[in-house]
Structures are given as structure tokens and as C-alpha cells.
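S.K.: mmCIF, C-alpha atoms and all ligand atoms, saved as upload_29.cif, coming up:
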data_data
#
loop_
_atom_site.label_atom_id
_atom_site.label_comp_id
_atom_site.auth_asym_id
_atom_site.auth_seq_id
_atom_site.Cartn_x
_atom_site.Cartn_y
_atom_site.Cartn_z
CA MET P 1 10.57 9.60 -29.92
CA LEU P 2 7.16 9.12 -28.25
CA LYS P 3 6.82 10.96 -24.95
CA VAL P 4 4.85 9.39 -22.12
CA ARG P 5 4.24 10.43 -18.52
CA CYS P 6 4.06 7.87 -15.71
CA SER P 7 0.59 9.21 -14.79
CA ASP P 8 -0.55 8.30 -18.34
CA LEU P 9 0.54 4.67 -18.05
CA PRO P 10 -2.72 3.29 -16.51
CA ARG P 11 -4.65 4.74 -19.47
CA LEU P 12 -2.05 3.66 -22.02
CA ALA P 13 -2.24 0.10 -20.71
CA LYS P 14 -5.87 0.14 -21.94
CA CYS P 15 -5.51 2.18 -25.13
CA GLN P 16 -2.19 2.91 -26.84
CA ALA P 17 -3.50 5.41 -29.39
CA ALA P 18 -2.99 8.76 -27.62
CA PRO P 19 0.76 9.31 -28.24
CA HIS P 20 0.07 8.86 -31.98
CA ILE P 21 -2.67 11.52 -32.24
CA GLN P 22 -0.96 14.73 -33.32
CA THR P 23 -2.84 17.57 -31.66
CA LEU P 24 -2.69 20.01 -28.82
CA GLU P 25 -2.91 18.14 -25.52
CA ILE P 26 -5.65 19.37 -23.20
CA ARG P 27 -4.99 18.34 -19.63
CA SER P 28 -8.21 19.60 -18.14
CA THR P 29 -8.17 21.16 -14.73
CA SER P 30 -10.92 20.44 -12.29
CA ASP P 31 -11.62 21.18 -8.64
CA ALA P 32 -10.38 17.65 -7.87
CA ALA P 33 -7.13 18.23 -9.78
CA ASP P 34 -6.57 21.60 -8.06
CA ILE P 35 -7.10 19.95 -4.68
CA GLY P 36 -4.62 17.20 -5.63
CA THR P 37 -2.00 19.81 -6.63
CA GLU P 38 -2.36 21.73 -3.37
CA VAL P 39 -2.26 18.56 -1.26
CA ALA P 40 0.91 17.48 -3.12
CA PHE P 41 2.53 20.85 -2.37
CA LEU P 42 1.66 20.71 1.35
CA ASN P 43 2.85 17.09 1.58
CA ALA P 44 6.16 17.90 -0.11
CA GLU P 45 6.80 20.75 2.36
CA TYR P 46 6.06 18.43 5.26
CA ARG P 47 8.34 15.69 3.94
CA ARG P 48 11.19 18.07 3.13
CA HIS P 49 11.08 20.39 6.15
CA GLY P 50 8.55 18.93 8.59
CA THR P 51 6.38 22.05 8.20
CA ILE P 52 2.58 21.88 8.21
CA GLY P 53 1.38 24.50 5.73
CA GLN P 54 -1.92 26.37 5.82
CA PRO P 55 -4.50 24.68 3.55
CA SER P 56 -6.78 26.91 1.49
CA ASN P 57 -9.85 24.95 2.50
CA ASP P 58 -11.23 22.29 4.74
CA GLU P 59 -10.98 19.42 2.28
CA VAL P 60 -7.33 20.10 1.43
CA GLY P 61 -6.51 20.25 5.16
CA PHE P 62 -8.19 16.91 5.76
CA LEU P 63 -6.46 15.17 2.83
CA ALA P 64 -3.02 16.56 3.68
CA ALA P 65 -3.42 15.50 7.33
CA SER P 66 -4.36 12.00 6.22
CA CYS P 67 -1.24 11.76 4.00
CA ARG P 68 0.97 13.08 6.84
CA LYS P 69 -0.30 10.31 9.08
CA ALA P 70 0.51 7.61 6.51
CA TRP P 71 3.93 9.15 5.81
CA ASP P 72 4.83 9.16 9.52
CA GLU P 73 4.13 5.45 9.52
CA PHE P 74 6.27 4.67 6.47
CA LYS P 75 9.01 7.28 6.45
CA HIS P 76 11.52 4.93 8.10
CA LEU P 77 11.65 3.12 4.71
CA PHE P 78 12.95 6.30 3.06
CA THR P 79 16.64 6.18 3.87
CA GLU P 80 17.50 8.71 1.16
CA PRO P 81 14.21 10.53 0.53
CA HIS P 82 13.79 12.22 -2.83
CA ILE P 83 10.68 14.38 -2.68
CA GLU P 84 8.83 15.50 -5.82
CA GLU P 85 11.86 15.25 -8.11
CA GLY P 86 11.21 15.11 -11.85
CA MET P 87 12.91 12.17 -13.63
CA SER P 88 13.11 10.82 -17.14
CA GLY P 89 14.38 7.72 -18.97
CA THR P 90 14.22 6.18 -22.43
CA VAL P 91 13.51 2.62 -23.50
CA THR P 92 12.20 0.97 -26.69
CA GLY P 93 11.47 4.25 -28.49
CA VAL P 94 9.58 5.83 -25.57
CA GLN P 95 10.76 8.66 -23.35
CA LEU P 96 9.14 8.24 -19.93
CA THR P 97 8.92 11.15 -17.47
CA GLY P 98 7.47 11.32 -13.98
CA THR P 99 7.57 13.06 -10.61
CA PRO P 100 6.82 10.64 -7.78
CA ASP P 101 5.64 12.19 -4.52
CA ALA P 102 8.57 10.46 -2.82
CA TRP P 103 11.12 7.75 -3.52
CA SER P 104 14.20 6.24 -1.97
CA PRO P 105 16.25 3.30 -3.30
CA GLY P 106 13.85 0.34 -3.14
CA VAL P 107 10.62 2.23 -2.47
CA VAL P 108 8.31 4.64 -4.32
CA TRP P 109 5.34 6.49 -2.90
CA ASP P 110 2.27 8.12 -4.42
CA ASP P 111 -0.50 10.02 -2.63
CA LYS P 112 -3.89 9.58 -4.23
CA THR P 113 -6.52 12.19 -3.52
CA GLY P 114 -8.94 10.22 -5.71
CA ARG P 115 -9.73 6.52 -5.44
CA ILE P 116 -6.87 4.00 -5.63
CA GLU P 117 -7.60 2.06 -8.78
CA ALA P 118 -5.81 -1.26 -9.27
CA ASP P 119 -4.24 0.06 -12.48
CA CYS P 120 -2.33 2.80 -10.59
CA LEU P 121 0.26 0.04 -10.29
CA TRP P 122 1.37 1.01 -13.80
CA GLN P 123 2.12 4.54 -12.66
CA LEU P 124 4.06 3.27 -9.63
CA MET P 125 6.03 0.85 -11.80
CA GLY P 126 6.93 3.76 -14.08
CA TYR P 127 8.21 5.73 -11.08
CA ALA P 128 10.12 2.70 -9.78
CA TRP P 129 11.78 2.18 -13.14
CA LEU P 130 12.86 5.86 -13.34
CA ALA P 131 14.02 5.71 -9.72
CA SER P 132 15.99 2.54 -10.44
CA ILE P 133 17.89 4.45 -13.17
CA ALA P 134 18.57 7.32 -10.76
CA ALA P 135 19.62 4.85 -8.04
CA LYS P 136 21.96 2.84 -10.27
CA ASP P 137 24.62 2.88 -7.54
CA HIS P 138 22.23 0.78 -5.42
CA PRO P 139 21.56 -2.38 -7.46
CA LEU P 140 18.23 -3.63 -6.13
CA ALA P 141 16.34 -6.86 -6.54
CA GLU P 142 12.99 -5.64 -5.29
CA TRP P 143 10.91 -2.47 -5.01
CA THR P 144 8.07 -1.65 -2.63
CA LEU P 145 5.38 0.44 -4.26
CA VAL P 146 3.03 2.39 -1.96
CA ALA P 147 -0.21 4.19 -2.93
CA VAL P 148 -1.97 6.14 -0.18
CA ASP P 149 -5.70 6.85 -0.33
CA ALA P 150 -5.84 10.30 1.24
CA ARG P 151 -9.63 10.13 1.65
CA THR P 152 -9.62 7.09 3.90
CA GLY P 153 -6.03 7.13 5.19
CA SER P 154 -5.65 3.55 3.91
CA TYR P 155 -2.85 2.42 1.62
CA ARG P 156 -1.96 -0.35 -0.82
CA THR P 157 1.49 -1.77 -1.22
CA TRP P 158 2.96 -4.00 -3.89
CA LYS P 159 6.32 -5.77 -4.07
CA LYS P 160 7.82 -6.07 -7.53
CA SER P 161 11.20 -7.27 -8.70
CA GLU P 162 13.19 -4.78 -10.72
CA ILE P 163 13.37 -7.18 -13.65
CA ASP P 164 9.56 -7.70 -13.67
CA ILE P 165 9.02 -3.94 -13.62
CA TYR P 166 11.40 -3.48 -16.55
CA ASN P 167 9.85 -6.34 -18.59
CA GLU P 168 6.24 -5.25 -18.00
CA LEU P 169 7.00 -1.65 -18.96
CA ARG P 170 9.05 -2.72 -21.96
CA ASN P 171 6.16 -4.89 -23.24
CA LEU P 172 3.75 -1.98 -22.84
CA PHE P 173 6.14 0.40 -24.61
CA ILE P 174 6.45 -2.05 -27.52
CA LYS P 175 2.64 -2.08 -27.81
CA ILE P 176 2.61 1.74 -27.75
CA VAL P 177 5.32 2.05 -30.41
CA ASP P 178 3.79 -0.69 -32.63
CA TRP P 179 0.25 0.68 -32.30
CA GLN P 180 -1.92 -0.33 -35.27
CA ASP P 181 -4.75 2.19 -35.55
CA LYS P 182 -6.76 0.50 -32.77
CA TYR P 183 -8.77 2.58 -30.26
CA SER P 184 -10.18 1.19 -27.01
CA THR P 185 -12.75 3.50 -25.47
CA GLY P 186 -13.91 3.38 -21.86
CA ASP P 187 -13.84 5.32 -18.60
CA HIS P 188 -10.11 5.89 -19.13
CA CYS P 189 -10.96 8.24 -22.04
CA TYR P 190 -12.25 10.80 -19.55
CA PHE P 191 -8.74 11.97 -18.71
CA CYS P 192 -7.22 11.41 -22.13
CA PRO P 193 -5.54 14.70 -23.18
CA VAL P 194 -6.24 14.08 -26.88
CA ALA P 195 -9.86 12.91 -26.54
CA HIS P 196 -11.02 16.10 -28.34
CA ALA P 197 -9.23 14.90 -31.51
CA CYS P 198 -9.71 11.13 -31.14
CA PRO P 199 -11.74 9.62 -34.03
CA ALA P 200 -13.24 6.97 -31.73
CA GLN P 201 -14.41 9.65 -29.28
CA MET P 202 -15.85 11.77 -32.09
CA ALA P 203 -17.92 8.80 -33.25
CA LEU P 204 -19.13 8.21 -29.69
CA VAL P 205 -20.02 11.85 -29.11
CA LYS P 206 -22.04 11.86 -32.36
CA SER P 207 -23.91 8.68 -31.46
CA THR P 208 -24.59 9.92 -27.90
CA ALA P 209 -25.97 13.21 -29.21
CA ALA P 210 -28.12 11.24 -31.69
CA THR P 211 -29.46 9.05 -28.86
CA LEU P 212 -30.51 12.19 -26.99
CA LEU P 213 -32.33 13.83 -29.90
CA PRO P 214 -35.70 12.00 -29.58
CA ASP P 215 -37.83 12.25 -26.40
CA VAL P 216 -35.14 11.63 -23.77
CA ILE P 217 -37.51 10.28 -21.13
CA GLN P 218 -38.89 7.67 -23.52
CA THR P 219 -35.39 6.85 -24.76
CA VAL P 220 -33.98 6.35 -21.26
CA ASN P 221 -36.94 4.26 -20.11
CA ALA P 222 -36.76 2.02 -23.17
CA LEU P 223 -33.04 1.23 -22.83
CA PRO P 224 -31.92 -2.04 -21.22
CA PRO P 225 -29.94 -1.51 -17.94
CA ALA P 226 -26.47 -2.07 -19.44
CA LYS P 227 -27.20 0.42 -22.22
CA CYS P 228 -28.30 2.99 -19.60
CA VAL P 229 -24.86 2.64 -17.95
CA ASP P 230 -23.19 3.07 -21.35
CA LEU P 231 -25.30 6.14 -22.03
CA TYR P 232 -24.35 7.59 -18.62
CA ARG P 233 -20.65 7.12 -19.36
CA GLN P 234 -21.00 8.65 -22.81
CA MET P 235 -22.95 11.60 -21.43
CA ASN P 236 -20.08 12.26 -19.01
CA MET P 237 -17.76 12.49 -22.02
CA LEU P 238 -20.25 14.74 -23.82
CA GLU P 239 -20.41 17.00 -20.75
CA LYS P 240 -16.63 17.15 -20.69
CA ARG P 241 -16.52 18.13 -24.36
CA ILE P 242 -19.04 20.89 -23.68
CA SER P 243 -17.02 22.24 -20.74
CA GLU P 244 -13.83 22.13 -22.83
CA ALA P 245 -15.61 24.07 -25.58
CA LYS P 246 -16.87 26.59 -23.00
CA ALA P 247 -13.33 26.99 -21.63
CA ALA P 248 -12.05 27.59 -25.19
CA LEU P 249 -14.81 30.20 -25.76
CA LYS P 250 -13.94 31.93 -22.51
CA LEU P 251 -10.28 32.08 -23.51
CA ARG P 252 -11.25 33.58 -26.87
CA VAL P 253 -13.49 36.22 -25.26
CA THR P 254 -10.73 37.02 -22.74
CA THR P 255 -8.20 37.39 -25.54
CA THR P 256 -10.23 39.19 -28.21
CA GLY P 257 -13.01 40.92 -26.26
CA ALA P 258 -16.80 40.40 -26.29
CA LEU P 259 -18.36 38.34 -29.13
CA ALA P 260 -21.58 39.84 -30.47
CA ALA P 261 -24.69 37.91 -31.59
CA ASP P 262 -27.21 39.16 -34.19
CA ASP P 263 -29.96 39.66 -31.59
CA GLY P 264 -28.23 42.36 -29.55
CA MET P 265 -26.71 39.94 -27.03
CA GLU P 266 -23.00 39.34 -26.55
CA LEU P 267 -20.69 36.92 -24.80
CA ALA P 268 -18.53 38.94 -22.45
CA ILE P 269 -16.30 38.53 -19.43
CA VAL P 270 -17.63 40.27 -16.33
CA GLU P 271 -15.99 40.59 -12.95
CA GLU P 272 -17.76 39.74 -9.72
CA SER P 273 -16.24 40.28 -6.31
CA ARG P 274 -16.86 38.26 -3.19
CA ASP P 275 -15.88 39.26 0.32
CA GLU P 276 -14.22 36.77 2.61
CA ILE P 277 -14.14 37.59 6.31
CA ASP P 278 -11.12 36.61 8.37
CA ALA P 279 -12.83 35.13 11.45
CA LEU P 280 -9.93 35.64 13.85
CA LYS P 281 -9.31 39.28 12.94
CA ALA P 282 -13.03 40.16 12.78
CA TRP P 283 -14.00 38.35 16.01
CA PRO P 284 -13.66 41.28 18.49
CA VAL P 285 -15.73 43.56 16.23
CA LEU P 286 -18.36 40.89 15.53
CA THR P 287 -18.88 40.15 19.20
CA ALA P 288 -19.33 43.86 19.87
CA TYR P 289 -22.20 43.94 17.35
CA LEU P 290 -23.86 40.57 18.01
CA LYS P 291 -24.73 38.38 20.98
CA GLU P 292 -23.39 34.79 21.05
CA ALA P 293 -26.65 33.27 19.78
CA GLU P 294 -26.97 35.87 17.00
CA LEU P 295 -23.39 35.33 15.87
CA ALA P 296 -23.79 31.53 15.93
CA GLY P 297 -26.52 31.89 13.30
CA CYS P 298 -23.94 33.43 10.91
CA VAL P 299 -21.21 30.86 11.49
CA LYS P 300 -20.90 27.43 9.87
CA ILE P 301 -18.43 24.97 11.41
CA LEU P 302 -16.74 22.76 8.83
CA LYS P 303 -16.44 19.26 10.26
CA GLY P 304 -13.28 18.35 8.32
CA ALA P 305 -11.46 21.54 9.43
CA LEU P 306 -12.58 20.98 13.02
CA MET P 307 -11.32 17.38 12.97
CA SER P 308 -7.97 18.43 11.45
CA ALA P 309 -7.53 21.15 14.10
CA VAL P 310 -8.29 18.71 16.93
CA ALA P 311 -6.00 16.05 15.45
CA ASP P 312 -3.15 18.54 14.97
CA LYS P 313 -3.43 19.58 18.64
CA ALA P 314 -3.54 16.02 20.02
CA GLU P 315 -0.44 14.01 20.94
CA ARG P 316 0.83 11.37 18.49
CA GLY P 317 -1.20 8.19 18.83
CA GLN P 318 -4.09 10.14 20.44
CA LYS P 319 -5.39 11.91 17.37
CA LYS P 320 -8.11 9.43 16.40
CA ALA P 321 -9.37 9.21 20.00
CA ALA P 322 -9.40 13.02 20.34
CA LYS P 323 -11.58 13.33 17.22
CA GLU P 324 -13.94 10.56 18.34
CA ASN P 325 -14.29 12.01 21.84
CA LEU P 326 -15.12 15.43 20.46
CA MET P 327 -17.83 13.96 18.21
CA VAL P 328 -19.32 11.95 21.09
CA GLU P 329 -19.43 15.07 23.29
CA ILE P 330 -21.04 17.35 20.74
CA GLU P 331 -23.51 14.65 19.66
CA ALA P 332 -24.54 14.17 23.30
CA ILE P 333 -25.57 17.83 23.55
CA GLY P 334 -27.56 17.65 20.31
CA ALA P 335 -25.14 19.82 18.35
CA VAL P 336 -24.85 17.44 15.39
CA GLU P 337 -27.58 17.16 12.80
CA THR P 338 -27.15 14.46 10.17
CA SER P 339 -28.82 14.97 6.82
CA LYS P 340 -28.90 12.60 3.88
CA ILE P 341 -28.68 13.37 0.21
CA GLU P 342 -29.32 11.06 -2.72
CA LYS P 343 -26.96 11.07 -5.66
CA MET P 344 -26.39 8.83 -8.64
CA VAL P 345 -22.93 7.30 -8.83
CA LEU P 346 -21.19 4.87 -11.15
CA ARG P 347 -19.65 2.30 -8.84
CA LYS P 348 -18.32 -1.22 -8.87
CA LYS P 349 -21.06 -3.80 -8.27
CA GLU P 350 -20.62 -5.76 -5.07
CA GLY P 351 -18.73 -8.99 -5.75
CA ALA P 352 -17.63 -7.86 -9.24
CA LYS P 353 -13.96 -8.28 -10.08
S1 LIG V 401 -9.88 9.14 -26.12
FE1 LIG V 401 -9.92 7.02 -25.47
S2 LIG V 401 -9.91 5.84 -27.36
FE2 LIG V 401 -9.23 7.91 -27.87
S3 LIG V 401 -7.01 7.87 -27.72
FE3 LIG V 401 -7.76 8.56 -25.76
S4 LIG V 401 -7.92 6.68 -24.53
FE4 LIG V 401 -7.79 6.04 -26.69
#
Write the structure described by the file as C-alpha cells, please.
M.R.:
Amino acid sequence: MLKVRCSDLPRLAKCQAAPHIQTLEIRSTSDAADIGTEVAFLNAEYRRHGTIGQPSNDEVGFLAASCRKAWDEFKHLFTEPHIEEGMSGTVTGVQLTGTPDAWSPGVVWDDKTGRIEADCLWQLMGYAWLASIAAKDHPLAEWTLVAVDARTGSYRTWKKSEIDIYNELRNLFIKIVDWQDKYSTGDHCYFCPVAHACPAQMALVKSTAATLLPDVIQTVNALPPAKCVDLYRQMNMLEKRISEAKAALKLRVTTTGALAADDGMELAIVEESRDEIDALKAWPVLTAYLKEAELAGCVKILKGALMSAVADKAERGQKKAAKENLMVEIEAIGAVETSKIEKMVLRKKEGAK
């Protein structure tokens, strides 16, 4: 029986090879994934008990607050809310598992701390299908699927009939089960848990490394624009492979001890400690040592945390205005300095479908 997670469905809709590659799955962690996990935990606590937990950093606080706002708007749809409950179901030789952020008969909900891609519909359909099995006492004609973009507070909704959901998933599962040695590479490979053992990826990694062997500046300048974009994508994969290999090395050194080279050097794990100062507890002591202006030079105010704190204090319906008013007031006294940075991003071209 092939095992598939709902969160894998958008990738599997593009390439059906992964469940057939027999290897250890590496689900890489990243800062973004850790943030997503913490936001999901805070959101679940809020939806279950109405409690607003303490975020570990500014960004998490901002994202969780944004999801709370969207939830407050939609929660009336959740007549029997099921929060973060793991589910599973089997069809056409595939066992599907998934844990939606929230569902109730007729509606499923997913918070996205990354961008909402159109293909996240596959993941939501997977959740809806599992929820429809769990809600079999409530025969339903239609499901509402909601994806919330925690970065902007916006959301996308889709309406899908239960029969369409079942048929679309069933067709995809047939393609997965009947897979015929065909690999489709692309951006979706970045999160593929078996990319390290995928023959198509190995070929790409080799050809990317070969492209980078001659003078890289000449190579990059000679490439046509579309090939530069391809190279950028492939270099991202190469970088990922390198960080996976570094993580594997670190694990080995942690497990077996330092690894010695022939030149007197060794790879070893060292411990570094960093002090974090609790501002509230330290405040009376700090102000005894430093004047206001001196202390201000040591303090950095995080805009996201400030906005969350102001929003949390404001009445319902007044939160946006409270944040805007604060910004207007502090800008008027010259307390806001805006700097610009330039970065290279891979984005959708304006007007492209
Ligand atoms: S790495 Fe890409 S091509 Fe290979 S199995 Fe995964 S999704 Fe398919």
C-alpha cells in the first residue's frame, strides 16, 4: 500500500515518482518550517481554548495574530470544530493521511505561513475527503475549502462538490499507483523528501555542478535569460543537497565524535552560549545604570511585535486603526527610518498565468 500525506498532494499532482523511490525520507527542517509549526501550535490553542499563547519571536506573533483575525471571521462556519486531528483513509491502493488545521462537516481550513499557491487546493481536497469519511453521518453535497495567507491576512476559498473531490483524488491516486518510471522535475522537487535518491535529481545536480566548473562569471553572462532562471533553480537544489550533506555530517560527528583530517584539522562539535536578557525583569537594574538616551541606544524595537502588542490591546474592529494611528504618530516625530535592501527573488512575471 502506497502511503501519501495530504501535504504531499500538490507535489504528487506534478510528479508521481516519490512514493515509488525506496529510501529514507528526509523532510528537511528550515526556519520557515519551524515558524509554521509554532504558528500552528498557537493557532490550535486559540481555536480549542481561546488562549493567546506567548510566541517565541516577533514573526511568529505576527503570523499567529493574522490567523486569529481570519479565524474570528470564519469560525461561525465551524459548527463542530475539529482542531488539528490526524485522519487517514484508503482508496485505489493509496493510504492518505493528513491533519487539517481545522475542519467541521462541510468546511476545511488550512493556515499558510508561506505563499498560497494555487495547487494547495490538492491538499485541501485531501483534507476534505478525509473529513468526509469522518463525517459520514452528515452526508454533504458541497465543501468549502479555506486557505489563509498568514503573511497578508488574506484568504482564498473554493467550493467543491464531494463527488468532484472524490473523483479528482481518485484519478490522481490511479496515476500514482500506475506510475511508469517518469520523473517531472521543477520547483516542486525542492520539498520532495526523496530528492536525495531521485535519479532525475542526481542527473540535474551533476549537470548543474558541470555548468559551474568553468569560469562562472563568463558562464552566467553567456547564458540566455531563460537558462539563467533554470540555473538559479538548479543551484537552489544544489544548495539544498549541500545543506542536507552538512546536516548528515553533523549528525555523524555528534554520534561518533570528532572526525580527523590528515593535516591536523578535525571536524568537531563545539558549544557556544548566548545570553538573552529578559527586558521586563532587567528594566529596573538597567535604568539604574543608564540614562534614557543611553539605554535607547541598546534597545531595538521590533515593528511586528509592537504592532501585535497594539492590536492585542485594541478593541475588536479597532485593531487596524490602532496600528495605523501609532505608525502615523511615531512617523510624525521622526522615529521611523525606512531603509531599502535589494535582493534577487524568483517570482511570477506580471500577467503570467
Ligand atoms: S525529486 Fe522531483 S522528480 Fe524526483 S521524485 Fe521528487 S518530485 Fe519527482
S.K.: Do a neighbour search on P:Thr157 at 10 Å with all atoms listed in the file, toss out local chain neighbours closer than 5 positions, and write the hits as a PyMOL selection string.
M.R.: chain P and resi 108-109+121+144-148
S.K.: Collect all residues with atoms no farther than 8 Å from ligand LIG 401 (chain V), counting only C-alpha atoms and all ligand atoms, and output them as a PyMOL selection string.
M.R.: chain P and resi 11-12+14-19+21+183-186+188-201
S.K.: Residues at most 12 Å from P:Asn57, counting all atoms listed in the file, excluding those fewer than 5 positions away in the same chain, as an mmCIF file with C-alpha atoms, in the frame of the given file?
M.R.:
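Printed below is result31.cif as written:
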data_model
loop_
_atom_site.group_PDB
_atom_site.id
_atom_site.type_symbol
_atom_site.label_atom_id
_atom_site.label_comp_id
_atom_site.auth_asym_id
_atom_site.auth_seq_id
_atom_site.Cartn_x
_atom_site.Cartn_y
_atom_site.Cartn_z
ATOM 1 C CA ASP P 31 -11.620 21.180 -8.640
ATOM 2 C CA ASP P 34 -6.570 21.600 -8.060
ATOM 3 C CA ILE P 35 -7.100 19.950 -4.680
ATOM 4 C CA GLU P 38 -2.360 21.730 -3.370
ATOM 5 C CA VAL P 39 -2.260 18.560 -1.260
ATOM 6 C CA PHE P 62 -8.190 16.910 5.760
ATOM 7 C CA LEU P 63 -6.460 15.170 2.830
ATOM 8 C CA ALA P 64 -3.020 16.560 3.680
ATOM 9 C CA LEU P 302 -16.740 22.760 8.830
ATOM 10 C CA LYS P 303 -16.440 19.260 10.260
ATOM 11 C CA GLY P 304 -13.280 18.350 8.320
ATOM 12 C CA ALA P 305 -11.460 21.540 9.430
ATOM 13 C CA LEU P 306 -12.580 20.980 13.020
ATOM 14 C CA SER P 308 -7.970 18.430 11.450
#
S.K.: What separation in Å, quoted to one decimal, exists between atom CA of P:Asn43 and atom CA of P:Lys160?
M.R.: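 For atom CA of P:Asn43 relative to atom CA of P:Lys160, the distance reads 25.4 Å.
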S.K.: Neighbours of P:Ala296 within 12 Å (only C-alpha atoms; same-chain residues fewer than 5 positions away dropped), as a PyMOL selection string?
M.R.: chain P and resi 283+286-287+290-291+301
S.K.: Which residue is closest to P:Asp178? Choose from P:Leu212, P:Ala33, P:Ile52, P:Val94 and count all atoms listed in the file.
M.R.: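 Smallest distance to P:Asp178 is found for P:Val94.
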S.K.: What does the distance from atom CA of P:Met87 to atom CA of P:Asn171 come to in Å, to one decimal?
M.R.: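 Spanning atom CA of P:Met87 to atom CA of P:Asn171 is a straight-line distance of 20.7 Å.
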S.K.: How many Å lie between atom CA of P:Trp122 and atom CA of P:Leu169, rounded to one decimal?
M.R.: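 The value is 8.1 Å.
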S.K.: Taking into account only C-alpha atoms, which residue in the set P:Glu162, P:Asp275, P:Glu331, P:Glu25 is nearest to P:Val107?
M.R.: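 Closest to P:Val107, using only C-alpha atoms: P:Glu162.
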S.K.: Put a box with edges along x, y and z around all the listed atoms of stretch 269-276 of chain P, pad it by 3 Å on each side, then give me its centre and sizes in Å, one decimal, as JSON.
M.R.:
{"center_x": -16.0, "center_y": 38.7, "center_z": -8.4, "size_x": 9.5, "size_y": 9.8, "size_z": 28.0}
S.K.: For P:Glu45, which residue out of P:Leu77, P:Ile83, P:Ala309, P:Ala293 is the nearest one, using only C-alpha atoms?
M.R.: P:Ile83
S.K.: For a quick check of understanding, using only C-alpha atoms, which of P:His20, P:Lys281, P:Pro10, P:Ala102 has the smallest distance to P:Tyr46?
M.R.: P:Ala102
S.K.: May I have the residues within 9 Å of P:Glu80 as a ChimeraX atom specification, using all atoms listed in the file and disregarding those fewer than 3 positions away in the same chain?
M.R.: /P:77,103-105
S.K.: For P:Ser154, which residue among P:Arg68, P:His49, P:Arg233, P:Arg252 is the nearest when counting only C-alpha atoms?
M.R.: P:Arg68
